[in-house]
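For reference, the structure is listed below as structure tokens.
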Amino acid sequence: MSNVKTRFAPSPTGRMHVGNLRTALYAYLITRHEGGKFMLRIEDTDQVRQVEGAVDIINRTLAGTGLIHDEGPDKDGGVGPYVQSERVKQGLYMKYALQLVEEGKAYYCFCDKERLATLHTQIEGTDKEITVYDKHCLSLTKEEVEANLAAGKPFVIRQNNPQEGTTTFHDDIYGDITVDNIELDDMILIKSDGYPTYNFANVIDDHLMGITHVVRGNEYLSSTPKYNRLYDAFGWEVPVYIHCPLITDEEHHKLSKRCGHSSYEDLLEQGFLSEAIVNFVALLGWSPDDNQEIMSLEELIEKFDYKKISKSPAVFDYTKLKWMNGEYIKAMDFDAYLEHALPVLKEAVKGDYDLTKIAALVKTRIEVFTDIPALVDFFDAVPEYDVEMYTHKKMKTNAETSLEVLKDLLPLLEAQEDYSNDALYAMLQGYVADKGVKNGYVMWPVRTAVSGKQSTPGGATELMEILGKEETVKRIKAAIEKLQ
RNA sequence: GGCUCGUUGGUCAAGGGGUCAAGACGUCGCCCUCUCACGGCGAAAACAGCGGUUCGAUUCCGCUACGAGCUGCCA
């Protein structure tokens with residue numbers, strides 16, 4: 001057992017989009033591959049963006065995808081609480097912030113929004129403009145600070161970053177990255193409502209909770225130097241950084257809830273399987289040595305090597321997800337498949353038909369379960385169709401030939417007792433042989449008559465088996481009527 | 001605007017000084033076939049541009065272009 005420990009630290013702000021899911025997945029895969037621990041922490045430091053029930057969604061998503069954590073709000077590992085608002089109540093973040101203030105590594109700031117809005121410092125000797133805080137409140141004397149605090153003036157606590165030199169940090173995916181310290185904003189550590197910012201709470205908690213590998217989205221890459229200065233200020237060891245490339249939409253923009261991009265739960269509702277979603281998302285930004293594409297979570301764990309995570313962003317390809325989902329459906333054992341398919345079929349087909357048989361017909365013809373209704377819409381009633389549909393060049397059929405065939409067949413179908421697929425097929429083959437025509441010459445019109453559709457899941461006899469003798473005969477008669 | 005990161009077919013993605021530059025999705029074609037689908041076979045389709053370094057660059061370096069992220073008392 002290694003001492004690797006990763007965490008997934010979402011904000012409870014709604015459904016989880018696939019970018020977050022992939023971050024969670026990679027963090028999970030790293031620990032499972034290394035034999036370490038995976039932790040869940042709830043980052044609810046933004047009181048405004050909170051969404052009721054969002055923590056439940058997080059738990060459901062993690063449970064549904066199989067990304068089971070070893071520690072978290074519901075599983076104490078000795079470094080809790082695992083919900084940041086609870087840690088706020090303990091005064092934990094404030095304590096550390098004040099320690100930095102004491103040491104001159106952070107300071108109180110009383111600037112209001114209006115003043116902040118006007119801040120655009122000029123870089124000396126250039127026309128370059130930079131938007132960082134100007135350290136205005138750093139020059140406040142101890143007495144002035146005390147007086148402001150005593151007067152109840154709202155304040156924040158800011159990190160005191162150096163303005164000269166450079167800061168370099170290492171990321172295991174992107175390598176060494178260096179920035180000029182002049183670029184380092186004195187970011188806010190404690191907000192005026194007393195809550196810590198993500199930036200601060202994250203560093204404190206990752207350290208206190210023993211996180212060894214910080215896995216997160218690439219959007220944090222540019223603020224990482226500031227986190228490092230925080231680790232340094234405390235004299236803490238910097239964790240291994242693993243920044244994952246972003247997942248974008250077709251327009252190459254970062255996926256986000258705000259833009260209404262699909263969440264895990266949305267995809268479930270759209271008929272996707274949890275396993276397929278996980279599998280697909282794993283391949284956005286990473287691929288195994290052997291290039292295998294369909295992988296279970298266990299296989300992902302075995303093959304996952306975070307060093308091979310790519311640097312460039314990946315477009316979320318909905319079409320390929322669908323294909324993959326179709327692969328999962330085809331590979332499913334029939335009972336498991338029925339559990340998903342039957343509920344959809346019950347909605348789509350009201351007639352007294354063998355839904356299990358219909359489900360079997362449809363299994364290789366769908367990519368998502370929501371594809372089903374459109375495929376089986378002819379069972380309850382033959383849809384309106386044009387007699388032109390009987391014309392098929394390759395089958396050498398048309399309305400006239402079809403009428404003849406159907407008329408010939410009607411008495412045979414009425415006489416037929418065994419309406420199993422095999423028996424019906426054998427019977428029709430007999431007719432085909434007698435007539436000395438091609439298969440399709442009779443199959444096409446029968447299938448059309450019975451379904452009213454250009455294409456159907458299953459052939460004529462398979463459909464007739466499900467429809468049964470009475471309904472079949474009825475439909476053949478109606479077709480003859482229509483053709484005359 | 002500034003900073004940071006990125007750039008192999010439409011998309012995902014191998015490779016990393018000498019390859020006819022893998023594979024997958026999608027597209028198209030053929031085969032199978034009672035339609036469609038499945039399955040099988042095949043095709044078209046890519047190293048952003050320009051300069052270096054080198055006997056040789058898709059691979060290393062630089063510049064440019066383009067894209068994205070950050071630039072919030074959001075995470």
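If you're wondering about the labels, chains in the structure tokens are A, B, ... by order shown, residues count from 1 in each chain, ligands from 1 in order shown.
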Please find the residues of chain B near chain A - the criterion being any atom within 12 Å, counting only C-alpha atoms (C1' of nucleotides) - and write them as a compact mmCIF listing (two decimals) with C-alpha atoms (C1' of nucleotides), in the first residue's frame.
```
# COMPACT_ATOMS: atom_id res chain seq x y z
C1' G B 1 -4.90 44.09 -23.09
C1' G B 2 -1.62 40.90 -19.78
C1' C B 3 -0.04 36.08 -18.16
C1' U B 4 -0.08 30.75 -18.80
C1' C B 5 -0.91 26.51 -21.59
C1' G B 6 -1.83 24.13 -26.09
C1' U B 7 -1.76 22.89 -31.79
C1' U B 8 -1.02 14.96 -35.62
C1' G B 10 -14.10 16.53 -38.87
C1' U B 11 -13.46 14.22 -33.56
C1' C B 12 -10.60 11.06 -29.84
C1' A B 13 -5.66 9.50 -30.27
C1' A B 14 -0.48 6.46 -31.01
C1' G B 15 4.38 7.80 -32.36
C1' A B 22 -1.03 3.39 -35.88
C1' G B 23 -5.92 2.56 -34.13
C1' A B 24 -11.04 4.24 -32.94
C1' C B 25 -15.63 7.31 -33.94
C1' G B 26 -17.91 9.53 -38.01
C1' U B 33 -28.91 -10.37 -45.62
C1' C B 34 -36.63 -11.40 -45.49
C1' U B 35 -35.81 -4.26 -44.89
C1' C B 36 -32.77 -1.85 -41.15
C1' A B 37 -29.13 -2.98 -37.80
C1' C B 38 -25.25 -6.39 -36.34
C1' G B 39 -20.90 -8.69 -38.38
C1' G B 67 -7.16 28.30 -30.05
C1' A B 68 -8.13 27.86 -24.97
C1' G B 69 -7.68 28.94 -19.72
C1' C B 70 -6.86 32.53 -16.06
C1' U B 71 -7.02 37.70 -15.17
C1' G B 72 -13.84 37.17 -9.31
C1' C B 73 -14.75 38.57 -1.84
C1' C B 74 -16.59 31.39 -8.29
C1' A B 75 -14.49 27.15 -7.89
```
Taking the DSSP secondary structure from the backbone, can you list the residues of stretch 221-355 of chain A that are helix (DSSP H, G or I), as an MDAnalysis selection string? chainID A and resid 221:234 257:259 264:269 274:282 297:303 306:308 318:331 334:348 355
Just the strand (DSSP E) stuff from stretch 242-271 of chain A, please, per backbone DSSP, written as a PDB file with C-alpha atoms, in the first residue's frame.
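Final file, states_14.pdb:
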```pdb
ATOM      1  CA  ILE A 242      -1.548  16.777 -11.972  1.00  0.00           C
ATOM      2  CA  HIS A 243      -3.440  19.251 -14.084  1.00  0.00           C
ATOM      3  CA  CYS A 244      -5.771  17.635 -16.569  1.00  0.00           C
ATOM      4  CA  ILE A 247     -12.848  18.975 -21.942  1.00  0.00           C
ATOM      5  CA  THR A 248     -14.555  21.309 -24.354  1.00  0.00           C
TER       6      THR A 248
END
```
Please measure the separation of atom CA of A:Tyr353 and atom CA of A:Tyr419, giving the value in Å to one decimal.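 Atom-to-atom, atom CA of A:Tyr353 and atom CA of A:Tyr419 are spaced 13.6 Å apart.
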Distance in Å - atom CA of A:Glu103 versus atom CA of A:Ala233: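 Pair atom CA of A:Glu103 / atom CA of A:Ala233 returns 8.9 Å.
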Atom CA of A:Asp408 to atom CA of A:Val382, distance in Å rounded to a single decimal: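 Separation of atom CA of A:Asp408 and atom CA of A:Val382: 21.4 Å.
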